[in-house]
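Peer 1: See target26.txt below, with compact mmCIF, C-alpha atoms and all ligand atoms.
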# COMPACT_ATOMS: atom_id res chain seq x y z
CA MET A 1 -2.73 120.10 83.17
CA ALA A 2 -5.83 121.98 84.46
CA CYS A 3 -7.48 121.29 81.14
CA TRP A 4 -6.66 117.61 81.43
CA TRP A 5 -8.25 117.36 84.88
CA ALA A 6 -11.38 119.19 83.73
CA GLY A 7 -11.80 116.68 80.91
CA TRP A 8 -11.22 113.83 83.33
CA LEU A 9 -13.89 115.02 85.77
CA LEU A 10 -16.35 115.63 82.96
CA LEU A 11 -15.85 112.13 81.73
CA LEU A 12 -16.36 110.69 85.19
CA ALA A 13 -19.59 112.63 85.59
CA GLU A 14 -20.87 111.52 82.20
CA ALA A 15 -20.04 107.90 82.75
CA GLY A 16 -21.49 107.94 86.26
CA GLY A 17 -24.72 109.47 85.10
CA ALA A 18 -25.09 107.15 82.16
CA ARG A 19 -28.14 104.94 82.47
CA LEU A 20 -27.22 101.29 82.66
CA GLU A 21 -28.42 99.43 79.67
CA GLN A 22 -31.27 97.08 80.40
CA GLY A 23 -30.63 94.06 78.22
CA THR A 24 -33.33 91.59 77.30
CA LEU A 25 -31.00 88.81 78.36
CA GLU A 26 -31.79 86.40 81.15
CA SER A 27 -30.75 87.73 84.54
CA TRP A 28 -27.18 87.05 85.61
CA ALA A 29 -28.29 86.01 89.06
CA GLN A 30 -30.18 83.12 87.49
CA ALA A 31 -27.33 82.25 85.23
CA ALA A 32 -24.26 82.47 87.45
CA PRO A 33 -23.58 81.71 91.09
CA ARG A 34 -22.26 84.51 93.27
CA LEU A 35 -18.55 84.86 93.71
CA GLY A 36 -17.14 83.36 96.86
CA ASN A 37 -20.34 81.50 97.63
CA ALA A 38 -19.40 77.99 96.72
CA SER A 39 -22.61 76.63 98.24
CA GLY A 40 -24.49 78.66 95.61
CA PHE A 41 -23.45 76.12 93.02
CA GLN A 42 -26.38 73.82 92.42
CA ALA A 43 -25.27 71.30 89.87
CA SER A 44 -22.88 68.60 90.92
CA SER A 45 -21.59 67.74 87.47
CA LEU A 46 -19.42 69.38 84.86
CA GLN A 47 -21.20 72.32 83.29
CA ARG A 48 -20.50 75.48 81.36
CA ARG A 49 -21.00 78.41 83.70
CA LEU A 50 -20.97 82.14 83.13
CA PRO A 51 -17.78 83.82 84.34
CA GLN A 52 -17.43 85.35 87.78
CA GLY A 53 -14.16 86.98 86.79
CA ILE A 54 -13.16 88.77 83.58
CA ILE A 55 -9.66 89.94 82.74
CA ILE A 56 -10.72 93.13 80.96
CA GLY A 57 -7.37 94.26 79.55
CA VAL A 58 -5.18 95.87 78.60
CA ARG A 59 -4.49 94.67 75.09
CA LYS A 60 -0.82 93.54 74.91
CA GLY A 61 -0.50 93.97 78.66
CA GLY A 62 0.16 90.30 79.45
CA THR A 63 -3.46 89.13 79.58
CA ARG A 64 -2.69 85.69 78.12
CA ALA A 65 0.17 85.04 80.55
CA LEU A 66 -1.99 86.12 83.48
CA LEU A 67 -4.88 83.85 82.46
CA GLU A 68 -2.65 80.83 81.77
CA MET A 69 -0.84 81.21 85.07
CA LEU A 70 -4.10 81.62 86.92
CA ALA A 71 -5.42 78.51 85.17
CA LEU A 72 -2.87 76.44 87.12
CA HIS A 73 -5.11 76.98 90.13
CA PRO A 74 -7.37 73.94 90.67
CA GLN A 75 -10.36 76.19 91.46
CA VAL A 76 -10.11 78.07 88.17
CA ALA A 77 -11.69 77.15 84.84
CA ALA A 78 -10.36 79.47 82.14
CA ALA A 79 -11.92 80.15 78.73
CA ARG A 80 -9.41 79.26 76.02
CA SER A 81 -10.12 82.02 73.52
CA GLU A 82 -11.13 85.63 73.77
CA VAL A 83 -14.90 85.80 73.74
CA HIS A 84 -15.68 89.42 72.73
CA PHE A 85 -19.22 89.13 74.05
CA PHE A 86 -19.74 92.59 75.53
CA ASN A 87 -17.83 94.57 72.90
CA ARG A 88 -19.05 93.06 69.64
CA GLU A 89 -22.67 93.76 68.77
CA GLU A 90 -23.11 90.57 66.76
CA ASN A 91 -22.04 88.50 69.79
CA TYR A 92 -23.93 90.55 72.38
CA ARG A 93 -27.15 90.09 70.41
CA ARG A 94 -26.68 86.32 70.59
CA GLY A 95 -27.44 86.51 74.33
CA LEU A 96 -26.22 84.87 77.51
CA GLY A 97 -26.94 81.36 76.24
CA TRP A 98 -24.33 81.89 73.53
CA TYR A 99 -21.92 83.49 76.00
CA ARG A 100 -22.21 80.53 78.34
CA GLN A 101 -21.48 78.14 75.47
CA GLN A 102 -18.10 79.84 74.99
CA MET A 103 -17.10 79.02 78.57
CA PRO A 104 -15.12 75.93 79.60
CA LEU A 105 -16.67 73.05 81.49
CA SER A 106 -16.25 73.57 85.20
CA ARG A 107 -16.89 71.65 88.37
CA PRO A 108 -19.00 72.99 91.25
CA GLY A 109 -16.83 75.27 93.36
CA GLN A 110 -14.66 76.28 90.43
CA LEU A 111 -14.47 79.88 89.28
CA THR A 112 -14.93 80.53 85.57
CA VAL A 113 -12.68 83.26 84.16
CA GLU A 114 -12.47 84.72 80.68
CA LYS A 115 -10.22 87.37 79.20
CA THR A 116 -11.04 89.79 76.42
CA PRO A 117 -8.64 92.75 76.39
CA GLY A 118 -10.92 94.60 73.97
CA TYR A 119 -13.38 95.18 76.83
CA PHE A 120 -11.21 97.71 78.66
CA SER A 121 -11.28 100.52 76.11
CA SER A 122 -14.71 99.82 74.66
CA PRO A 123 -17.08 102.58 75.97
CA ARG A 124 -20.26 100.47 76.20
CA VAL A 125 -18.78 97.50 78.01
CA PRO A 126 -18.56 98.61 81.69
CA ALA A 127 -22.27 99.44 81.89
CA ARG A 128 -23.18 96.21 80.09
CA VAL A 129 -21.17 94.05 82.47
CA ARG A 130 -22.55 95.93 85.46
CA ALA A 131 -26.16 95.60 84.26
CA LEU A 132 -25.78 91.85 84.12
CA ALA A 133 -23.33 91.11 86.92
CA PRO A 134 -22.76 93.87 89.48
CA GLY A 135 -20.66 91.45 91.54
CA MET A 136 -18.19 90.69 88.74
CA ARG A 137 -14.49 90.63 89.66
CA LEU A 138 -12.36 92.48 87.14
CA PRO A 139 -8.59 91.95 86.99
CA LEU A 140 -6.81 94.50 84.81
CA ILE A 141 -3.19 94.04 83.81
CA VAL A 142 -1.39 97.22 82.79
CA ARG A 143 2.03 97.77 81.32
CA ASP A 144 4.34 100.67 80.47
CA PRO A 145 2.07 102.53 78.01
CA VAL A 146 4.85 103.14 75.48
CA GLU A 147 5.91 99.49 75.44
CA ARG A 148 2.27 98.51 75.13
CA LEU A 149 1.80 100.85 72.21
CA VAL A 150 4.82 99.42 70.37
CA SER A 151 3.64 95.89 71.05
CA ASP A 152 0.14 96.80 69.82
CA TYR A 153 1.61 98.27 66.64
CA THR A 154 3.78 95.17 66.12
CA GLN A 155 0.78 92.89 66.39
CA ILE A 156 -1.20 94.93 63.86
CA LEU A 157 1.84 94.94 61.56
CA HIS A 158 2.17 91.15 61.79
CA ASN A 159 -1.52 90.64 61.09
CA ARG A 160 -1.33 92.92 58.07
CA GLN A 161 1.80 91.25 56.76
CA ALA A 162 0.18 87.84 57.15
CA ARG A 163 -2.56 89.05 54.81
CA CYS A 164 0.05 90.59 52.46
CA LYS A 165 -1.25 94.08 53.27
CA PRO A 166 1.02 97.09 53.73
CA TYR A 167 1.22 99.04 57.02
CA PRO A 168 3.19 102.27 57.52
CA PRO A 169 6.20 102.50 59.86
CA LEU A 170 5.30 103.29 63.47
CA GLU A 171 6.90 106.75 63.45
CA GLN A 172 4.75 107.75 60.49
CA LEU A 173 1.59 106.75 62.34
CA LEU A 174 2.55 108.46 65.56
CA VAL A 175 3.41 111.90 64.26
CA ARG A 176 1.01 114.18 62.40
CA GLY A 177 3.15 116.48 60.22
CA ASP A 178 4.60 119.24 62.38
CA ARG A 179 1.66 119.11 64.82
CA GLY A 180 3.25 116.54 67.11
CA LEU A 181 1.71 113.27 68.23
CA ASP A 182 -1.34 112.03 66.40
CA THR A 183 -3.43 111.21 69.45
CA ARG A 184 -6.20 109.81 67.27
CA TYR A 185 -4.08 106.74 66.51
CA LYS A 186 -5.87 103.77 68.13
CA PRO A 187 -2.80 102.26 69.86
CA ILE A 188 -2.19 105.67 71.50
CA GLN A 189 -5.82 105.80 72.60
CA ARG A 190 -5.60 102.31 74.07
CA SER A 191 -2.62 103.37 76.21
CA LEU A 192 -4.63 106.16 77.88
CA TYR A 193 -5.42 103.92 80.82
CA ALA A 194 -6.95 106.55 83.13
CA LEU A 195 -9.49 107.54 80.49
CA HIS A 196 -10.85 104.01 80.19
CA LEU A 197 -10.53 103.19 83.86
CA ALA A 198 -12.77 106.16 84.69
CA ARG A 199 -15.65 104.45 82.87
CA TRP A 200 -15.10 101.21 84.78
CA LEU A 201 -14.96 103.08 88.08
CA ALA A 202 -18.23 104.77 87.27
CA ALA A 203 -19.83 101.35 86.91
CA PHE A 204 -18.03 99.32 89.61
CA PRO A 205 -16.67 100.05 93.10
CA PRO A 206 -12.84 100.14 93.17
CA ALA A 207 -12.79 96.92 95.22
CA HIS A 208 -14.06 95.04 92.17
CA ILE A 209 -11.15 96.10 89.97
CA HIS A 210 -7.73 94.62 90.66
CA VAL A 211 -4.79 96.20 88.85
CA VAL A 212 -1.88 93.90 88.06
CA ASP A 213 1.47 95.41 87.07
CA GLY A 214 2.51 93.60 83.86
CA GLY A 215 6.23 94.19 84.51
CA SER A 216 5.87 92.68 87.93
CA LEU A 217 4.09 89.62 86.48
CA ILE A 218 7.21 89.00 84.37
CA ARG A 219 9.65 89.55 87.25
CA GLU A 220 7.63 88.25 90.21
CA PRO A 221 4.75 86.15 88.88
CA LEU A 222 4.12 84.37 92.13
CA ALA A 223 3.68 87.58 94.14
CA GLU A 224 1.18 88.87 91.58
CA LEU A 225 -0.68 85.56 91.49
CA ARG A 226 -1.03 85.50 95.25
CA ARG A 227 -2.65 88.91 95.09
CA MET A 228 -4.94 87.56 92.40
CA GLU A 229 -5.91 84.57 94.53
CA GLN A 230 -6.88 86.91 97.34
CA PHE A 231 -8.80 89.20 95.05
CA LEU A 232 -10.77 86.34 93.51
CA GLY A 233 -11.43 84.73 96.87
CA LEU A 234 -9.50 81.58 95.95
CA ALA A 235 -7.70 79.33 98.40
CA PRO A 236 -3.93 79.98 98.31
CA ARG A 237 -2.84 77.11 96.07
CA LEU A 238 -0.29 78.62 93.69
CA GLY A 239 3.20 78.28 95.08
CA PRO A 240 6.87 77.84 94.25
CA ASP A 241 6.21 74.39 92.80
CA ASN A 242 4.29 76.00 89.96
CA PHE A 243 7.35 78.02 89.01
CA CYS A 244 10.75 76.73 88.20
CA PHE A 245 13.13 79.62 88.61
CA TYR A 246 16.52 78.05 88.15
CA CYS A 247 15.78 75.79 85.23
CA LEU A 248 17.56 75.76 81.95
CA GLN A 249 15.82 74.12 79.04
CA ALA A 250 18.29 71.99 77.06
CA GLY A 251 16.35 70.24 74.30
CA ALA A 252 13.75 68.13 76.03
CA ARG A 253 15.75 68.14 79.27
CA GLN A 254 15.48 70.56 82.11
CA LEU A 255 18.59 71.23 84.09
CA LEU A 256 18.48 72.50 87.61
CA LEU A 257 20.82 75.40 88.16
CA GLN A 258 21.63 76.30 91.72
CA PRO A 259 21.61 80.02 92.42
CA ASP A 260 25.38 79.98 92.89
CA GLN A 261 25.89 78.58 89.39
CA GLY A 262 25.62 82.10 88.04
CA LEU A 263 22.53 82.03 85.84
CA LEU A 264 22.80 84.82 83.29
CA LEU A 265 19.56 86.62 82.57
CA PRO A 266 18.62 89.25 80.03
CA ALA A 267 18.74 92.79 81.41
CA GLY A 268 15.62 93.69 83.33
CA ARG A 269 14.16 90.21 83.08
CA GLY A 270 14.76 87.40 85.42
CA PRO A 271 13.56 85.38 88.30
CA PRO A 272 12.12 87.14 91.32
CA THR A 273 14.35 89.11 93.56
CA SER A 274 12.16 88.97 96.63
CA THR A 275 13.02 86.09 98.94
CA SER A 276 9.39 85.69 100.04
CA THR A 277 8.34 84.46 96.58
CA ARG A 278 11.53 82.63 95.67
CA PRO A 279 11.33 78.86 95.98
CA ARG A 280 13.67 76.97 98.20
CA ALA A 281 16.60 75.64 96.17
CA SER A 282 15.53 72.05 96.83
CA THR A 283 12.09 72.61 95.28
CA ALA A 284 13.31 74.84 92.48
CA CYS A 285 13.16 72.34 89.65
CA ARG A 286 10.43 69.97 90.62
CA PRO A 287 7.59 71.18 88.44
CA GLY A 288 4.13 69.77 89.03
CA PRO A 289 2.04 68.27 86.21
CA ALA A 290 1.77 71.78 84.75
CA SER A 291 4.06 74.61 85.71
CA PHE A 292 6.04 77.54 84.43
CA TYR A 293 9.79 77.57 84.00
CA PHE A 294 11.92 80.59 83.26
CA ASN A 295 13.05 80.49 79.64
CA GLN A 296 16.25 82.47 79.41
CA THR A 297 16.17 82.89 75.63
CA LYS A 298 12.66 84.28 75.64
CA GLY A 299 13.09 86.29 78.83
CA PHE A 300 9.70 84.95 79.98
CA TYR A 301 8.21 82.11 81.92
CA CYS A 302 7.00 79.36 79.58
CA LEU A 303 4.48 76.65 80.29
CA GLN A 304 5.63 73.10 80.85
CA ALA A 305 2.83 70.51 80.75
CA GLY A 306 4.21 66.96 80.86
CA ALA A 307 6.71 66.72 78.00
CA ARG A 308 5.19 69.71 76.20
CA GLN A 309 6.53 73.22 76.47
CA ARG A 310 4.72 76.28 75.30
CA CYS A 311 6.00 79.82 75.29
CA LEU A 312 3.51 82.62 74.83
CA GLY A 313 4.08 85.59 72.58
CA GLU A 314 6.26 85.03 69.54
CA SER A 315 6.73 88.70 68.72
CA LYS A 316 8.61 91.24 70.76
CA GLY A 317 8.23 95.00 70.83
CA ARG A 318 10.54 96.81 68.42
CA PRO A 319 12.81 99.70 69.34
CA ILE A 320 11.47 103.19 68.93
CA ALA A 321 13.29 106.50 68.33
CA LYS A 322 14.48 107.99 71.65
CA LEU A 323 12.97 111.40 71.02
CA LEU A 324 9.59 109.93 70.17
CA ARG A 325 9.72 107.73 73.26
CA GLU A 326 10.31 110.79 75.45
CA GLN A 327 7.42 112.62 73.81
CA LEU A 328 5.13 109.64 74.41
CA CYS A 329 6.30 109.23 78.00
CA THR A 330 5.40 112.84 78.75
CA TYR A 331 2.05 112.41 77.07
CA PHE A 332 1.16 109.31 79.06
CA SER A 333 2.68 110.29 82.42
CA ALA A 334 -0.43 111.84 84.03
CA HIS A 335 -2.52 108.80 83.09
CA SER A 336 0.07 106.38 84.42
CA GLU A 337 0.41 108.16 87.76
CA LEU A 338 -3.34 108.19 88.20
CA VAL A 339 -3.73 104.47 87.52
CA PHE A 340 -1.02 103.52 89.99
CA GLY A 341 -2.22 106.10 92.51
CA LEU A 342 -5.59 104.38 92.52
CA VAL A 343 -4.08 101.11 93.61
CA GLY A 344 -1.58 102.61 96.03
CA ARG A 345 1.43 101.41 94.08
CA THR A 346 4.18 103.19 92.20
CA SER A 347 5.22 102.69 88.61
CA ASN A 348 8.68 102.79 87.10
CA TRP A 349 7.36 103.27 83.61
CA CYS A 350 9.36 105.34 81.09
P1 LIG A 401 5.34 91.47 73.71
O1 LIG A 401 4.86 90.50 72.69
O2 LIG A 401 5.39 92.86 73.22
O3 LIG A 401 6.61 91.06 74.39
P2 LIG A 401 -1.26 89.93 75.72
O4 LIG A 401 -1.26 88.51 76.15
O5 LIG A 401 -2.20 90.77 76.55
O6 LIG A 401 -1.45 90.09 74.24
O7 LIG A 401 0.18 90.52 76.06
C1 LIG A 401 1.36 90.14 75.38
C2 LIG A 401 2.52 90.58 76.25
O8 LIG A 401 2.54 89.81 77.44
C3 LIG A 401 3.90 90.38 75.65
O9 LIG A 401 4.20 91.49 74.86
C4 LIG A 401 4.80 90.28 76.89
O10 LIG A 401 5.44 91.49 77.18
C5 LIG A 401 3.82 90.00 78.03
N1 LIG A 401 4.13 88.80 78.83
C6 LIG A 401 4.10 88.73 80.18
N2 LIG A 401 4.44 87.51 80.60
C7 LIG A 401 4.66 86.76 79.51
C8 LIG A 401 5.04 85.39 79.28
N3 LIG A 401 5.22 84.54 80.30
N4 LIG A 401 5.20 85.00 78.01
C9 LIG A 401 5.00 85.84 76.97
N5 LIG A 401 4.63 87.14 77.12
C10 LIG A 401 4.46 87.59 78.37
Please lay out the structure from this file as structure tokens.

Peer 2:
Amino acid sequence: MACWWAGWLLLLAEAGGARLEQGTLESWAQAAPRLGNASGFQASSLQRRLPQGIIIGVRKGGTRALLEMLALHPQVAAARSEVHFFNREENYRRGLGWYRQQMPLSRPGQLTVEKTPGYFSSPRVPARVRALAPGMRLPLIVRDPVERLVSDYTQILHNRQARCKPYPPLEQLLVRGDRGLDTRYKPIQRSLYALHLARWLAAFPPAHIHVVDGGSLIREPLAELRRMEQFLGLAPRLGPDNFCFYCLQAGARQLLLQPDQGLLLPAGRGPPTSTSTRPRASTACRPGPASFYFNQTKGFYCLQAGARQRCLGESKGRPIAKLLREQLCTYFSAHSELVFGLVGRTSNWC
């Protein structure tokens, strides 16, 4: 453990001392209005604006769900695809003009937000973002590191299979002969949250990084979104009407189930338990023009926009050998505690 802490402190010192890169790009101050200063917006028409908020990760942590839910807020304009500006050299070299072109059209007073989970674990990114936008707001959604790892592996596996390429079983990738866990495996590296967070904290004050608990976003989305609204300086607009907790999707019809009708939910997944974020029964199934309803089959909230429904995430994490899970839990535990300690919350991971 002592060794682990020494490495941690060394990394902090290195990252803190690292000189911020001076890009040749136009200054961010010219390009983007300051967060929370709506009067700083000059144009009165629809325009593409540089982001004032970036969801930096973690990969497979629930970044898409977080962005889509946040996009229900009238003051938010969300980029549709991952931009990979700061972490891919070919994109970074294209400059801020290119970056801005990837952003959605927004109205004055709206906050532009993008998400690229690859930013979180990419060593050069924190200093690059800081050099251009020291006021940037950085939501970070984290998830049980073992579940994240399995989900990460599953996504790689699917991508490989889609290209008819082989990929070894997870267990084979995780264990290096009789020498235990192969900690060089990228999905293991990406679950070492404290390691990557140290670099971000060397570049930004803690107040600029908001950690969202991915498990809580599934169980209590509204509570997490309210924290996000506060963090981003948005008016409190997301409410029970954006979430339909007691709905059952039957073909194209939505049925309203009263709480006493005994809605069965998959273990560990379900509508919020806290009464403060639970909608009143009378408003439970009156979704607005776009809202989320709880899809019992998926175990997630899915988006309902008019007659269209869209569930995110087709693939689910696969089971993993119990012994290996325990080994991974032990390996990740110090990192997990540190991440939650930083935000004054507790985790129930592993
Ligand atoms: P799984 O596919 O392993 O279940 P990301 O968007 O960062 O790639 O994260 C994908 C993960 O988001 C999913 O992983 C799932 O656990 C989580 N998630 C949270 N809320 C969700 C929702 N409403 N719909 C789908 N996935 C959601």

Peer 1: Distance limit 8 Å, reference ligand LIG 401 (chain A), atoms considered: all atoms listed in the file. Which residues make the cut? Give them as a ChimeraX atom specification.

Peer 2: /A:57-66,117,147-148,150-152,154-155,214-215,217-218,298,300-303,311-317

Peer 1: Tell me which residues come within 10 Å of (0.9, 77.5, 95.3), as a list in words, counting only C-alpha atoms in the file's coordinates.

Peer 2: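 The answer, in the requested form, is Leu72, His73, Leu222, Leu225, Arg226, Glu229, Ala235, Pro236, Arg237, Leu238, Gly239, Pro240, Asp241, Asn242 and Phe243 of chain A.
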
Peer 1: So which one's closest to Gln172 (chain A), A:Phe86, A:Ile320, A:Val211, A:Val142? Using only C-alpha atoms, please.

Peer 2: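 Counting only C-alpha atoms, the residue closest to Gln172 (chain A) is A:Ile320.
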
Peer 1: Given only C-alpha atoms as the basis, pick out the residue of A:Val83, A:Leu132, A:Leu181, A:Leu140 nearest to His196 (chain A).

Peer 2: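 Using only C-alpha atoms, His196 (chain A) sits closest to A:Leu140.
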
Peer 1: Counting all atoms listed in the file, which residues have an atom no more than 12 Å from (-13.7, 94.6, 91.0) in the file's coordinates? Please list them as a PyMOL selection string.

Peer 2: chain A and resi 35+52-56+126+129-130+133-140+197+200-211+228+231-233+343

Peer 1: Give me the residues near Glu82 (chain A) as a list in words, where near means some atom within 10 Å (using all atoms listed in the file) and where sequence neighbours in that chain fewer than 3 positions away do not count.

Peer 2: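 These residues fall inside the cut-off: Arg64, Ala79, Phe85, Gln102, Glu114, Lys115, Thr116, Pro117 and Gly118 of chain A.
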
Peer 1: Using all atoms listed in the file, determine which residues lie at most 10 Å from Ser333 (chain A), disregarding the query and same-chain residues fewer than 4 positions distant; provide the list as a ChimeraX atom specification.

Peer 2: /A:144-145,192,328-329,337-338,349-350

Peer 1: Could you tell me how far CA of Tyr153 (chain A) lies from CA of Arg325 (chain A), in Å and to one decimal?

Peer 2: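 Interatomic distance here is 14.1 Å.
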
Peer 1: Please provide the set of residues having any atom within 9 Å of Met103 (chain A), restricted to only C-alpha atoms, with same-chain residues fewer than 4 positions apart removed, written as a PDB file with C-alpha atoms, keeping the file's coordinate frame.

Peer 2:
ATOM      1  CA  ARG A  48     -20.500  75.480  81.360  1.00  0.00           C
ATOM      2  CA  ARG A  49     -21.000  78.410  83.700  1.00  0.00           C
ATOM      3  CA  LEU A  50     -20.970  82.140  83.130  1.00  0.00           C
ATOM      4  CA  PRO A  51     -17.780  83.820  84.340  1.00  0.00           C
ATOM      5  CA  ALA A  77     -11.690  77.150  84.840  1.00  0.00           C
ATOM      6  CA  ALA A  78     -10.360  79.470  82.140  1.00  0.00           C
ATOM      7  CA  ALA A  79     -11.920  80.150  78.730  1.00  0.00           C
ATOM      8  CA  ARG A  80      -9.410  79.260  76.020  1.00  0.00           C
ATOM      9  CA  VAL A  83     -14.900  85.800  73.740  1.00  0.00           C
ATOM     10  CA  TYR A  99     -21.920  83.490  76.000  1.00  0.00           C
ATOM     11  CA  THR A 112     -14.930  80.530  85.570  1.00  0.00           C
ATOM     12  CA  VAL A 113     -12.680  83.260  84.160  1.00  0.00           C
ATOM     13  CA  GLU A 114     -12.470  84.720  80.680  1.00  0.00           C
TER      14      GLU A 114
END

Peer 1: Please compute the CA of Leu111 (chain A)-CA of Leu70 (chain A) distance, one decimal, in Å.

Peer 2: 10.8 Å

Peer 1: State, in Å with one decimal place, the distance from CA of Leu149 (chain A) to CA of Ile188 (chain A).

Peer 2: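 Here the two named atoms are 6.3 Å from each other.
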